[in-house]
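Here's model.cif, which has mmCIF, C-alpha atoms:
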```cif
data_my_file
#
loop_
_atom_site.label_atom_id
_atom_site.label_comp_id
_atom_site.auth_asym_id
_atom_site.auth_seq_id
_atom_site.Cartn_x
_atom_site.Cartn_y
_atom_site.Cartn_z
CA MET F 1 -32.61 -115.48 -8.42
CA SER F 2 -31.45 -115.56 -11.99
CA THR F 3 -32.57 -113.80 -15.16
CA SER F 4 -32.48 -114.89 -18.73
CA THR F 5 -32.85 -113.20 -22.06
CA SER F 6 -34.72 -114.43 -25.07
CA GLY F 7 -33.61 -114.10 -28.65
CA PRO F 8 -30.13 -113.71 -30.10
CA VAL F 9 -27.56 -111.68 -28.24
CA ASP F 10 -24.97 -109.63 -30.12
CA ASN F 11 -22.67 -106.79 -29.37
CA GLU F 12 -24.25 -104.35 -31.83
CA VAL F 13 -26.32 -101.47 -30.52
CA ALA F 14 -29.52 -100.83 -32.44
CA ASP F 15 -29.72 -97.51 -34.26
CA ARG F 16 -32.13 -95.35 -32.26
CA SER F 17 -31.35 -92.05 -33.99
CA ASN F 18 -34.55 -91.94 -36.07
CA LEU F 19 -37.20 -93.84 -34.15
CA ILE F 20 -40.05 -91.46 -35.00
CA LYS F 21 -40.75 -90.59 -38.60
CA PHE F 22 -41.30 -86.90 -39.19
CA SER F 23 -43.97 -85.46 -41.44
CA SER F 24 -43.62 -85.50 -45.21
CA ARG F 25 -44.68 -81.86 -45.24
CA LEU F 26 -41.11 -80.97 -44.31
CA TYR F 27 -40.03 -82.39 -47.67
CA ASP F 28 -42.91 -80.88 -49.61
CA GLY F 29 -42.16 -77.43 -48.21
CA ARG F 30 -38.37 -77.75 -48.64
CA ALA F 31 -38.13 -77.06 -44.93
CA LEU F 32 -35.21 -79.46 -44.52
CA ALA F 33 -33.10 -77.83 -47.21
CA LEU F 34 -30.05 -75.87 -46.09
CA ASP F 35 -31.27 -72.45 -47.14
CA VAL F 36 -29.40 -69.24 -47.80
CA TRP F 37 -29.99 -68.03 -44.24
CA SER F 38 -28.26 -71.11 -42.87
CA ILE F 39 -25.38 -71.03 -45.33
CA TYR F 40 -24.66 -67.34 -44.85
CA ASN F 41 -25.06 -67.43 -41.09
CA ALA F 42 -22.27 -65.47 -39.43
CA ALA F 43 -20.99 -68.69 -37.87
CA ASN F 44 -20.25 -70.11 -41.33
CA LEU F 45 -18.51 -67.05 -42.75
CA PRO F 46 -14.99 -65.66 -42.36
CA PRO F 47 -14.95 -62.75 -39.90
CA ASP F 48 -14.02 -60.25 -42.62
CA CYS F 49 -16.72 -61.40 -45.03
CA ILE F 50 -19.11 -58.83 -46.51
CA ASN F 51 -22.52 -60.44 -46.75
CA LEU F 52 -24.72 -59.13 -49.57
CA GLY F 53 -26.55 -62.43 -49.86
CA GLN F 54 -29.21 -61.78 -47.24
CA GLY F 55 -31.82 -59.08 -46.91
CA TYR F 56 -31.00 -57.75 -43.48
CA MET F 57 -29.66 -54.34 -42.61
CA ASN F 58 -26.30 -53.66 -40.99
CA PHE F 59 -27.61 -50.39 -39.53
CA PRO F 60 -30.07 -49.83 -36.68
CA PRO F 61 -33.67 -48.64 -36.71
CA PRO F 62 -34.15 -44.88 -36.20
CA SER F 63 -33.17 -43.82 -32.69
CA TRP F 64 -36.58 -42.33 -31.90
CA VAL F 65 -38.14 -45.75 -32.55
CA THR F 66 -35.60 -47.68 -30.47
CA ASP F 67 -35.98 -45.08 -27.71
CA ALA F 68 -39.70 -45.83 -27.72
CA ALA F 69 -38.92 -49.54 -27.36
CA ASP F 70 -36.67 -48.78 -24.41
CA GLN F 71 -39.40 -46.73 -22.74
CA ALA F 72 -41.98 -49.47 -23.29
CA LEU F 73 -39.70 -52.03 -21.67
CA LYS F 74 -39.54 -49.87 -18.54
CA GLN F 75 -43.32 -49.84 -18.18
CA THR F 76 -45.45 -52.60 -16.71
CA LEU F 77 -48.35 -53.24 -19.10
CA PRO F 78 -46.30 -53.47 -22.34
CA ASN F 79 -44.33 -56.34 -20.80
CA HIS F 80 -47.38 -58.58 -20.62
CA TYR F 81 -49.80 -60.19 -23.04
CA SER F 82 -51.43 -58.02 -25.65
CA HIS F 83 -54.81 -58.59 -27.25
CA PRO F 84 -54.46 -61.11 -30.10
CA LYS F 85 -55.66 -58.41 -32.49
CA GLY F 86 -52.68 -56.27 -31.51
CA ARG F 87 -52.23 -53.44 -29.06
CA ILE F 88 -54.89 -50.80 -29.58
CA ARG F 89 -52.36 -48.00 -29.83
CA LEU F 90 -50.64 -49.73 -32.74
CA ARG F 91 -53.91 -50.54 -34.46
CA GLN F 92 -54.93 -46.90 -34.13
CA ALA F 93 -51.57 -45.84 -35.57
CA ILE F 94 -51.99 -48.26 -38.50
CA LYS F 95 -55.48 -46.86 -39.12
CA SER F 96 -54.24 -43.26 -39.11
CA PHE F 97 -51.23 -43.96 -41.29
CA TYR F 98 -52.82 -46.19 -43.94
CA GLU F 99 -56.35 -44.86 -44.39
CA SER F 100 -55.24 -42.33 -46.99
CA SER F 101 -53.36 -44.92 -49.09
CA PHE F 102 -56.30 -47.36 -48.95
CA ASN F 103 -58.80 -44.63 -49.78
CA ARG F 104 -61.16 -45.77 -47.05
CA SER F 105 -61.81 -45.65 -43.33
CA LEU F 106 -60.32 -48.65 -41.52
CA ASP F 107 -61.97 -50.31 -38.53
CA VAL F 108 -59.38 -51.09 -35.85
CA GLU F 109 -61.54 -53.89 -34.45
CA THR F 110 -62.40 -55.80 -37.61
CA GLU F 111 -60.07 -54.77 -40.46
CA ILE F 112 -56.58 -54.64 -38.89
CA LEU F 113 -54.64 -57.53 -37.35
CA VAL F 114 -51.15 -57.24 -35.84
CA THR F 115 -49.03 -60.35 -36.44
CA SER F 116 -45.64 -61.69 -35.39
CA GLY F 117 -43.98 -60.50 -38.54
CA ALA F 118 -45.45 -60.47 -42.03
CA ASN F 119 -44.50 -64.12 -42.46
CA GLU F 120 -46.62 -65.28 -39.53
CA GLY F 121 -49.48 -63.18 -40.84
CA GLN F 122 -49.29 -64.94 -44.19
CA TYR F 123 -49.09 -68.33 -42.49
CA SER F 124 -52.21 -67.52 -40.45
CA VAL F 125 -54.14 -66.60 -43.61
CA PHE F 126 -53.24 -69.94 -45.18
CA ALA F 127 -54.16 -71.77 -41.97
CA ALA F 128 -57.52 -70.00 -41.91
CA PHE F 129 -58.51 -70.55 -45.54
CA LEU F 130 -56.81 -73.57 -47.09
CA GLU F 131 -58.46 -76.96 -47.25
CA GLN F 132 -56.41 -80.04 -48.12
CA GLY F 133 -55.50 -79.86 -51.80
CA ASP F 134 -56.46 -76.21 -52.35
CA GLU F 135 -54.10 -74.63 -54.86
CA VAL F 136 -52.17 -71.42 -54.30
CA ILE F 137 -50.80 -69.51 -57.30
CA MET F 138 -47.34 -68.01 -56.77
CA PHE F 139 -45.33 -65.94 -59.22
CA GLU F 140 -41.74 -67.10 -59.66
CA PRO F 141 -39.20 -66.29 -58.47
CA PHE F 142 -40.99 -66.36 -55.12
CA PHE F 143 -40.12 -65.50 -51.51
CA ASP F 144 -39.01 -68.87 -50.17
CA GLN F 145 -41.27 -68.80 -47.09
CA TYR F 146 -44.40 -68.97 -49.24
CA LEU F 147 -43.84 -72.61 -50.13
CA PRO F 148 -43.71 -74.16 -46.62
CA SER F 149 -46.49 -71.86 -45.44
CA VAL F 150 -48.70 -73.25 -48.20
CA THR F 151 -47.76 -76.92 -47.91
CA PHE F 152 -47.81 -77.01 -44.09
CA ASN F 153 -51.45 -75.98 -44.30
CA GLY F 154 -52.43 -78.58 -46.88
CA GLY F 155 -52.15 -76.37 -49.94
CA LYS F 156 -50.64 -77.21 -53.32
CA PRO F 157 -48.40 -74.60 -54.95
CA VAL F 158 -49.09 -73.61 -58.54
CA TYR F 159 -46.16 -71.81 -60.15
CA VAL F 160 -46.42 -69.05 -62.75
CA PRO F 161 -43.03 -67.68 -63.79
CA LEU F 162 -42.18 -64.08 -64.48
CA HIS F 163 -40.33 -64.15 -67.79
CA PRO F 164 -37.21 -61.94 -67.87
CA ASN F 165 -36.08 -59.89 -70.83
CA MET F 166 -32.43 -58.90 -70.51
CA ASP F 167 -32.12 -57.40 -73.99
CA GLY F 168 -30.84 -53.88 -74.40
CA ASP F 169 -28.23 -51.94 -72.46
CA ARG F 170 -30.36 -51.20 -69.36
CA PRO F 171 -32.78 -54.05 -68.55
CA ASN F 172 -35.40 -53.13 -65.97
CA SER F 173 -37.21 -55.14 -63.32
CA SER F 174 -40.45 -54.19 -65.08
CA ASP F 175 -39.23 -56.34 -67.99
CA TRP F 176 -39.97 -59.48 -65.95
CA ARG F 177 -43.42 -60.17 -67.41
CA ILE F 178 -46.43 -62.34 -66.68
CA ASP F 179 -47.75 -64.50 -69.51
CA PHE F 180 -51.46 -64.10 -68.78
CA ASP F 181 -52.39 -67.08 -70.94
CA GLU F 182 -50.08 -69.10 -68.72
CA LEU F 183 -51.81 -67.74 -65.63
CA ARG F 184 -55.33 -68.32 -66.89
CA TYR F 185 -55.14 -71.62 -68.74
CA THR F 186 -52.20 -73.78 -67.83
CA LYS F 187 -52.74 -77.07 -66.07
CA PHE F 188 -50.84 -77.84 -62.88
CA PRO F 189 -47.91 -78.37 -62.79
CA PHE F 190 -46.56 -75.81 -65.22
CA ILE F 191 -43.84 -77.00 -67.55
CA SER F 192 -40.69 -75.15 -68.41
CA ASN F 193 -41.13 -75.02 -72.20
CA LEU F 194 -44.67 -73.68 -72.08
CA LYS F 195 -43.67 -70.49 -73.88
CA SER F 196 -43.30 -72.54 -77.05
CA LEU F 197 -46.74 -74.12 -76.68
CA LYS F 198 -50.26 -72.85 -77.04
CA PRO F 199 -52.34 -72.50 -73.87
CA VAL F 200 -54.82 -75.24 -73.07
CA PRO F 201 -58.21 -73.47 -72.96
CA ALA F 202 -59.98 -76.67 -71.97
CA ALA F 203 -58.73 -76.34 -68.40
CA PRO F 204 -59.05 -72.78 -67.11
CA LEU F 205 -58.20 -72.38 -63.41
CA PRO F 206 -59.92 -75.39 -61.82
CA PRO F 207 -62.13 -74.93 -58.74
CA ALA F 208 -59.34 -76.12 -56.43
CA ARG F 209 -57.43 -72.91 -57.10
CA LYS F 210 -58.22 -70.74 -54.11
CA VAL F 211 -55.48 -68.16 -53.46
CA ILE F 212 -53.17 -66.03 -55.55
CA VAL F 213 -50.13 -64.35 -53.98
CA ILE F 214 -48.94 -61.04 -55.42
CA ASN F 215 -45.67 -59.58 -54.13
CA THR F 216 -45.20 -55.96 -55.13
CA PRO F 217 -42.62 -54.50 -54.87
CA HIS F 218 -41.17 -57.91 -55.59
CA ASN F 219 -38.51 -59.90 -53.77
CA PRO F 220 -36.12 -60.79 -55.38
CA VAL F 221 -36.77 -59.12 -58.76
CA GLY F 222 -37.44 -55.57 -57.52
CA LYS F 223 -40.41 -55.34 -59.89
CA VAL F 224 -43.19 -52.89 -59.05
CA PHE F 225 -46.28 -54.28 -60.74
CA CYS F 226 -47.99 -51.69 -62.92
CA LYS F 227 -51.70 -50.92 -62.74
CA ASP F 228 -52.43 -52.66 -66.04
CA GLU F 229 -50.87 -55.93 -64.82
CA LEU F 230 -52.71 -55.76 -61.52
CA GLU F 231 -56.02 -55.05 -63.24
CA LYS F 232 -55.60 -58.17 -65.38
CA ILE F 233 -54.88 -60.22 -62.26
CA ALA F 234 -57.95 -58.64 -60.63
CA GLU F 235 -60.14 -59.77 -63.53
CA ILE F 236 -58.95 -63.35 -63.07
CA ALA F 237 -59.35 -63.18 -59.29
CA GLU F 238 -62.93 -62.00 -59.68
CA GLU F 239 -63.79 -64.49 -62.42
CA PHE F 240 -62.50 -67.49 -60.46
CA ASN F 241 -63.30 -66.23 -56.95
CA LEU F 242 -59.70 -66.20 -55.66
CA LEU F 243 -58.55 -64.87 -52.32
CA VAL F 244 -55.75 -62.40 -53.04
CA MET F 245 -52.78 -62.12 -50.70
CA ALA F 246 -51.13 -58.81 -51.55
CA ASP F 247 -47.64 -58.99 -50.05
CA GLU F 248 -46.73 -55.29 -50.03
CA VAL F 249 -44.07 -55.29 -47.30
CA TYR F 250 -41.74 -53.18 -49.48
CA ASP F 251 -44.38 -50.55 -50.22
CA CYS F 252 -42.22 -47.83 -48.64
CA LEU F 253 -39.22 -48.65 -50.86
CA VAL F 254 -40.15 -47.60 -54.40
CA TYR F 255 -37.64 -45.68 -56.54
CA ASP F 256 -37.35 -43.35 -59.51
CA GLY F 257 -40.83 -41.91 -59.04
CA LYS F 258 -42.48 -45.27 -59.73
CA GLU F 259 -46.03 -45.61 -58.38
CA HIS F 260 -46.93 -48.36 -55.94
CA VAL F 261 -50.51 -49.45 -56.68
CA ARG F 262 -52.38 -51.06 -53.80
CA PHE F 263 -54.14 -54.12 -55.13
CA ALA F 264 -56.97 -53.75 -52.60
CA ASN F 265 -57.85 -50.36 -54.13
CA LEU F 266 -58.70 -51.79 -57.53
CA PRO F 267 -62.45 -51.98 -58.28
CA GLY F 268 -64.07 -54.88 -56.43
CA MET F 269 -60.81 -56.11 -54.87
CA TRP F 270 -61.16 -54.93 -51.26
CA ASP F 271 -63.62 -57.71 -50.45
CA ARG F 272 -61.24 -60.49 -51.53
CA THR F 273 -57.81 -59.02 -50.64
CA VAL F 274 -55.64 -59.17 -47.53
CA THR F 275 -52.69 -56.78 -47.61
CA VAL F 276 -49.53 -57.83 -45.77
CA LEU F 277 -47.23 -55.15 -44.30
CA SER F 278 -44.13 -55.11 -42.13
CA ALA F 279 -42.49 -52.96 -39.47
CA GLY F 280 -39.23 -54.80 -40.15
CA LYS F 281 -39.04 -53.43 -43.68
CA ALA F 282 -40.51 -50.03 -42.78
CA PHE F 283 -38.18 -49.26 -39.87
CA ALA F 284 -35.10 -51.44 -40.51
CA ALA F 285 -36.11 -53.71 -37.64
CA THR F 286 -36.41 -57.15 -39.22
CA GLY F 287 -35.65 -58.94 -35.95
CA TRP F 288 -38.58 -57.35 -34.15
CA ARG F 289 -41.05 -59.59 -35.97
CA VAL F 290 -43.94 -57.15 -36.04
CA GLY F 291 -46.24 -57.03 -39.05
CA TRP F 292 -49.90 -56.40 -39.78
CA LEU F 293 -52.70 -57.40 -42.09
CA ILE F 294 -55.32 -55.05 -43.52
CA GLY F 295 -58.46 -56.39 -45.12
CA PRO F 296 -62.21 -56.93 -44.82
CA GLU F 297 -63.70 -58.54 -41.72
CA SER F 298 -64.53 -61.66 -43.75
CA ILE F 299 -60.77 -62.32 -44.10
CA ILE F 300 -59.42 -60.78 -40.89
CA LYS F 301 -61.82 -62.58 -38.51
CA PRO F 302 -60.93 -66.16 -39.58
CA THR F 303 -57.26 -65.19 -39.75
CA LEU F 304 -57.44 -63.83 -36.19
CA ALA F 305 -58.82 -67.19 -35.06
CA ALA F 306 -55.85 -68.99 -36.61
CA CYS F 307 -53.29 -66.43 -35.44
CA THR F 308 -54.54 -66.69 -31.85
CA ARG F 309 -53.85 -70.43 -31.86
CA ILE F 310 -50.43 -70.06 -33.51
CA VAL F 311 -48.78 -67.30 -31.43
CA PHE F 312 -51.66 -65.86 -29.36
CA CYS F 313 -50.17 -62.38 -29.45
CA THR F 314 -47.22 -60.40 -30.79
CA ASN F 315 -44.30 -58.90 -28.87
CA SER F 316 -45.93 -56.23 -26.70
CA PRO F 317 -43.20 -53.62 -26.05
CA LEU F 318 -42.11 -53.58 -29.67
CA GLN F 319 -45.71 -52.98 -30.77
CA GLU F 320 -45.56 -49.79 -28.72
CA ALA F 321 -42.32 -48.78 -30.43
CA VAL F 322 -43.74 -49.44 -33.90
CA ALA F 323 -46.80 -47.38 -32.98
CA THR F 324 -44.45 -44.48 -32.20
CA GLY F 325 -42.79 -45.00 -35.56
CA LEU F 326 -46.03 -44.75 -37.50
CA GLU F 327 -47.30 -41.85 -35.37
CA GLN F 328 -44.22 -39.73 -36.02
CA ALA F 329 -43.11 -40.86 -39.48
CA ARG F 330 -44.97 -38.19 -41.43
CA SER F 331 -43.97 -35.23 -39.26
CA ARG F 332 -40.35 -36.34 -39.43
CA GLY F 333 -40.46 -36.96 -43.21
CA PHE F 334 -39.01 -40.35 -42.38
CA PHE F 335 -40.11 -42.44 -45.35
CA GLU F 336 -39.24 -39.73 -47.87
CA THR F 337 -35.71 -39.55 -46.45
CA GLN F 338 -35.37 -43.31 -46.17
CA VAL F 339 -36.27 -44.02 -49.78
CA LYS F 340 -33.65 -41.49 -50.95
CA GLU F 341 -31.06 -43.22 -48.78
CA TYR F 342 -31.94 -46.63 -50.19
CA GLN F 343 -31.84 -45.30 -53.74
CA GLU F 344 -28.34 -43.96 -53.07
CA ARG F 345 -27.31 -47.39 -51.78
CA ARG F 346 -28.84 -49.05 -54.83
CA ASP F 347 -27.08 -46.76 -57.26
CA LEU F 348 -23.73 -47.21 -55.51
CA LEU F 349 -23.93 -51.00 -55.80
CA LEU F 350 -25.15 -50.83 -59.39
CA SER F 351 -22.19 -48.64 -60.33
CA THR F 352 -19.96 -51.57 -59.38
CA PHE F 353 -21.74 -53.89 -61.81
CA ASP F 354 -21.69 -51.19 -64.50
CA GLY F 355 -17.92 -50.98 -64.08
CA LEU F 356 -17.60 -54.74 -64.37
CA GLY F 357 -19.77 -54.84 -67.47
CA LEU F 358 -22.32 -57.17 -65.86
CA LYS F 359 -25.97 -56.81 -66.80
CA TYR F 360 -28.65 -56.55 -64.15
CA SER F 361 -32.36 -55.81 -63.86
CA LEU F 362 -32.67 -52.28 -62.52
CA PRO F 363 -34.79 -52.71 -59.37
CA GLU F 364 -37.67 -50.26 -59.04
CA GLY F 365 -38.50 -51.33 -55.49
CA ALA F 366 -37.39 -53.40 -52.46
CA TYR F 367 -33.64 -53.76 -51.78
CA PHE F 368 -32.36 -56.51 -54.04
CA VAL F 369 -30.83 -56.57 -57.49
CA LEU F 370 -30.58 -59.58 -59.80
CA VAL F 371 -27.28 -59.69 -61.67
CA ASP F 372 -26.71 -61.82 -64.77
CA ILE F 373 -23.61 -63.85 -63.92
CA SER F 374 -23.54 -65.95 -67.09
CA LYS F 375 -20.35 -64.14 -68.21
CA ILE F 376 -18.49 -65.18 -65.06
CA LYS F 377 -16.45 -68.36 -65.52
CA PHE F 378 -14.76 -69.59 -62.37
CA PRO F 379 -11.87 -72.04 -62.85
CA GLU F 380 -12.48 -75.64 -61.88
CA ASP F 381 -10.00 -75.41 -59.00
CA TYR F 382 -11.39 -72.19 -57.53
CA ARG F 383 -11.49 -72.53 -53.73
CA PHE F 384 -15.09 -71.85 -52.76
CA PRO F 385 -15.93 -71.97 -49.02
CA GLU F 386 -16.90 -75.48 -47.97
CA SER F 387 -20.43 -74.39 -47.03
CA VAL F 388 -21.23 -73.42 -50.65
CA GLN F 389 -19.50 -76.29 -52.44
CA GLY F 390 -21.77 -77.66 -55.14
CA ARG F 391 -24.44 -74.97 -54.62
CA GLY F 392 -23.76 -72.76 -57.63
CA ARG F 393 -27.40 -72.71 -58.68
CA ASP F 394 -29.08 -72.00 -55.38
CA PHE F 395 -31.26 -69.36 -57.00
CA LYS F 396 -33.38 -72.36 -57.98
CA TYR F 397 -34.87 -72.25 -54.47
CA PHE F 398 -36.95 -69.34 -55.73
CA TYR F 399 -38.39 -71.68 -58.38
CA CYS F 400 -40.06 -75.04 -58.81
CA GLU F 401 -37.90 -77.74 -60.41
CA GLU F 402 -39.64 -77.33 -63.78
CA HIS F 403 -38.72 -73.65 -63.99
CA CYS F 404 -35.38 -73.43 -62.20
CA ARG F 405 -33.47 -72.87 -65.46
CA ILE F 406 -35.18 -69.48 -65.81
CA GLY F 407 -33.24 -68.12 -62.85
CA GLU F 408 -30.01 -70.08 -62.85
CA SER F 409 -28.02 -67.29 -64.53
CA TYR F 410 -28.84 -64.73 -61.83
CA ALA F 411 -27.32 -63.88 -58.47
CA ARG F 412 -29.23 -61.82 -55.93
CA PHE F 413 -27.41 -59.00 -54.15
CA SER F 414 -28.93 -56.96 -51.34
CA PHE F 415 -28.20 -53.27 -50.90
CA CYS F 416 -29.77 -52.75 -47.48
CA LYS F 417 -26.29 -51.98 -46.12
CA ASP F 418 -24.52 -48.78 -45.16
CA LEU F 419 -22.57 -46.93 -47.85
CA ASP F 420 -19.14 -47.82 -46.46
CA THR F 421 -19.98 -51.52 -46.61
CA LEU F 422 -21.23 -51.21 -50.19
CA ARG F 423 -18.06 -49.35 -51.18
CA GLN F 424 -15.90 -52.07 -49.66
CA ALA F 425 -17.99 -54.71 -51.41
CA GLY F 426 -17.52 -52.86 -54.69
CA GLU F 427 -13.76 -52.86 -54.22
CA ARG F 428 -13.71 -56.60 -53.53
CA LEU F 429 -15.98 -57.38 -56.46
CA GLN F 430 -13.35 -55.91 -58.78
CA ALA F 431 -11.55 -59.24 -58.36
CA LEU F 432 -14.24 -60.74 -60.61
CA THR F 433 -12.66 -59.00 -63.60
CA LYS F 434 -10.28 -61.89 -64.34
CA TYR F 435 -13.20 -64.34 -64.41
CA ILE F 436 -15.45 -62.37 -66.78
CA TYR F 437 -15.43 -63.52 -70.39
#
```
With the file now loaded, output its structure as structure tokens.
Amino acid sequence: MSTSTSGPVDNEVADRSNLIKFSSRLYDGRALALDVWSIYNAANLPPDCINLGQGYMNFPPPSWVTDAADQALKQTLPNHYSHPKGRIRLRQAIKSFYESSFNRSLDVETEILVTSGANEGQYSVFAAFLEQGDEVIMFEPFFDQYLPSVTFNGGKPVYVPLHPNMDGDRPNSSDWRIDFDELRYTKFPFISNLKSLKPVPAAPLPPARKVIVINTPHNPVGKVFCKDELEKIAEIAEEFNLLVMADEVYDCLVYDGKEHVRFANLPGMWDRTVTVLSAGKAFAATGWRVGWLIGPESIIKPTLAACTRIVFCTNSPLQEAVATGLEQARSRGFFETQVKEYQERRDLLLSTFDGLGLKYSLPEGAYFVLVDISKIKFPEDYRFPESVQGRGRDFKYFYCEEHCRIGESYARFSFCKDLDTLRQAGERLQALTKYIY
């Protein structure tokens, strides 16, 4: 028996490396870009590198919280599925801890949802509420996870930049301002020279605009939005019937006596606001991926439906540990002590930039500082690590292309590190002196 082949025969092997085309949403959401987390992964860095590029701590959560995690792991029930709403003990702890700051009684069954980190909570909100083409307003610079979370769920980002003012000897994060005409009137997409133009009143916030995201305290600026700014946003949200996502994961890290204003507490805003919070930021446990949403049943119920289909439930034993954290935080004075420790870290890092004569926006919240690096001139032959070659303006990933020039003169440094690490970093940064002009 013999066989034969049809068609031409050659010795070349067909390329089978990309047989199936992946979704365009990966492009739209910049999901394929090599982001800062990939570049500054420990595997890509020299072993003696001090990493101030990423917002993760190099110190552990409080021992009484990790002890609670250890105890939960030794029990039976916390090692199995939890209710998709979250473990009841944690929801009760969230209710007890946050009722006073929300100025209302919270229903653990209908107004609180535990999520697999704040990021998954945000994603679930977008999945629950966005229709194809719905527009989501984001203030720039923005947390980079917002963009793929919006586009993966069919949304279109609408970018409104915070405009920095670095005049004077001590610029402040509060000097990054919203142009409210820009917010109210500008057509999508926004253009970079809009400040020199008059608003276009013929096209106020079209019906497709559905969500506005407010991040306060703000990553990466460190801005704590004042009540007057939030009230103006609230007026627009009410006028154009916007769902408000109040990303307040840094609410426990506010400095210099600055007041954190909960957006949901403003008149009429509870019914349209979902507040996003995080155990990772609260207890220095970013890898635990435990967060929660607080809002009215009209927002929480649809979000629960989406969340259940995305992750079903959140890590059970660590929910128990976070519940312990919230239950004991007040009696231990934990958050009062923690904010003082973070402020000390902030001030130590800032003293380095003061000594170098580099301007920065004094952060009033969160754990990042934006430093103006326009005075730093590296020589053409400076030996940057291979992984960062050609990426000198990566701060643009906090911006749309039209606005990336606003942020290209800034570098973000994190100060969520122990004091010894920040001191060592300060010593190494002195080497910048010869490049500052």
Item checked: Between atom CA of F:Glu327 and atom CA of F:Leu304, distance in Å (one decimal) ->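 The value is 24.2 Å.
Here atom CA of F:Thr115 and atom CA of F:Cys307 stand 7.5 Å from one another.
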Margin query: Can you spell out as a list in words the set of residues that the PyMOL selection byres ((chain F and resi 119) around 10) selects in the structure I just provided?
Written below: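 Applying the PyMOL selection byres ((chain F and resi 119) around 10) to the structure shown produces Thr115, Ser116, Gly117, Ala118, Glu120, Gly121, Gln122, Tyr123, Ser124, Gln145, Tyr146, Ser149, Asp247, Val276, Leu277, Ser278, Arg289, Val290, Gly291 and Trp292 of chain F.
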Next item on the list: Select, from F:Arg330, F:Arg428, F:Arg309, F:Arg412, the residue with the minimum atom-to-atom distance to F:Phe97, counting all atoms listed in the file.
Entry: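 Selected residue with least distance to F:Phe97: F:Arg330.
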Notebook entry, point to check: For the atom pair atom CA of F:Ala321 and atom CA of F:Thr66, what is the interatomic distance in Å to one decimal place?
Noted result: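 One can read the atom CA of F:Ala321 to atom CA of F:Thr66 distance as 6.8 Å.
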Next item on the list: Take the PyMOL selection byres ((chain F and resi 288) around 8), apply it to the structure above, and return the hits as number ranges by chain.
Entry: F: 117, 279-280, 285-287, 289-290, 315, 318
Next item on the list: Have a look at F:Pro161, F:Pro60, F:Gly325, F:Gly53 and name the one nearest to F:Ser414; count only C-alpha atoms.
Entry: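 Closest candidate: F:Gly53.
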Check: Between F:Pro296, F:Gly333, F:Gly268, F:Pro171, which one has atoms that come closest to F:Leu362, using all atoms listed in the file?
Finding: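 Ranking F:Pro296, F:Gly333, F:Gly268, F:Pro171 by distance to F:Leu362, first place goes to F:Pro171.
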Residue by residue, what does the PyMOL selection byres ((chain F and resi 227-241) around 9) grab here? Present the result as a PDB file with C-alpha atoms, in the coordinates of the input.
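Contents of out_35.pdb, freshly written:
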```pdb
ATOM      1  CA  ARG F 177     -43.420 -60.170 -67.410  1.00  0.00           C
ATOM      2  CA  ILE F 178     -46.430 -62.340 -66.680  1.00  0.00           C
ATOM      3  CA  PHE F 180     -51.460 -64.100 -68.780  1.00  0.00           C
ATOM      4  CA  LEU F 183     -51.810 -67.740 -65.630  1.00  0.00           C
ATOM      5  CA  ARG F 184     -55.330 -68.320 -66.890  1.00  0.00           C
ATOM      6  CA  LEU F 205     -58.200 -72.380 -63.410  1.00  0.00           C
ATOM      7  CA  PRO F 206     -59.920 -75.390 -61.820  1.00  0.00           C
ATOM      8  CA  PRO F 207     -62.130 -74.930 -58.740  1.00  0.00           C
ATOM      9  CA  ARG F 209     -57.430 -72.910 -57.100  1.00  0.00           C
ATOM     10  CA  LYS F 210     -58.220 -70.740 -54.110  1.00  0.00           C
ATOM     11  CA  VAL F 211     -55.480 -68.160 -53.460  1.00  0.00           C
ATOM     12  CA  ILE F 212     -53.170 -66.030 -55.550  1.00  0.00           C
ATOM     13  CA  ILE F 214     -48.940 -61.040 -55.420  1.00  0.00           C
ATOM     14  CA  PHE F 225     -46.280 -54.280 -60.740  1.00  0.00           C
ATOM     15  CA  CYS F 226     -47.990 -51.690 -62.920  1.00  0.00           C
ATOM     16  CA  LEU F 242     -59.700 -66.200 -55.660  1.00  0.00           C
ATOM     17  CA  LEU F 243     -58.550 -64.870 -52.320  1.00  0.00           C
ATOM     18  CA  VAL F 244     -55.750 -62.400 -53.040  1.00  0.00           C
ATOM     19  CA  GLU F 259     -46.030 -45.610 -58.380  1.00  0.00           C
ATOM     20  CA  HIS F 260     -46.930 -48.360 -55.940  1.00  0.00           C
ATOM     21  CA  VAL F 261     -50.510 -49.450 -56.680  1.00  0.00           C
ATOM     22  CA  ARG F 262     -52.380 -51.060 -53.800  1.00  0.00           C
ATOM     23  CA  PHE F 263     -54.140 -54.120 -55.130  1.00  0.00           C
ATOM     24  CA  LEU F 266     -58.700 -51.790 -57.530  1.00  0.00           C
ATOM     25  CA  PRO F 267     -62.450 -51.980 -58.280  1.00  0.00           C
ATOM     26  CA  GLY F 268     -64.070 -54.880 -56.430  1.00  0.00           C
ATOM     27  CA  MET F 269     -60.810 -56.110 -54.870  1.00  0.00           C
ATOM     28  CA  ARG F 272     -61.240 -60.490 -51.530  1.00  0.00           C
TER      29      ARG F 272
END
```
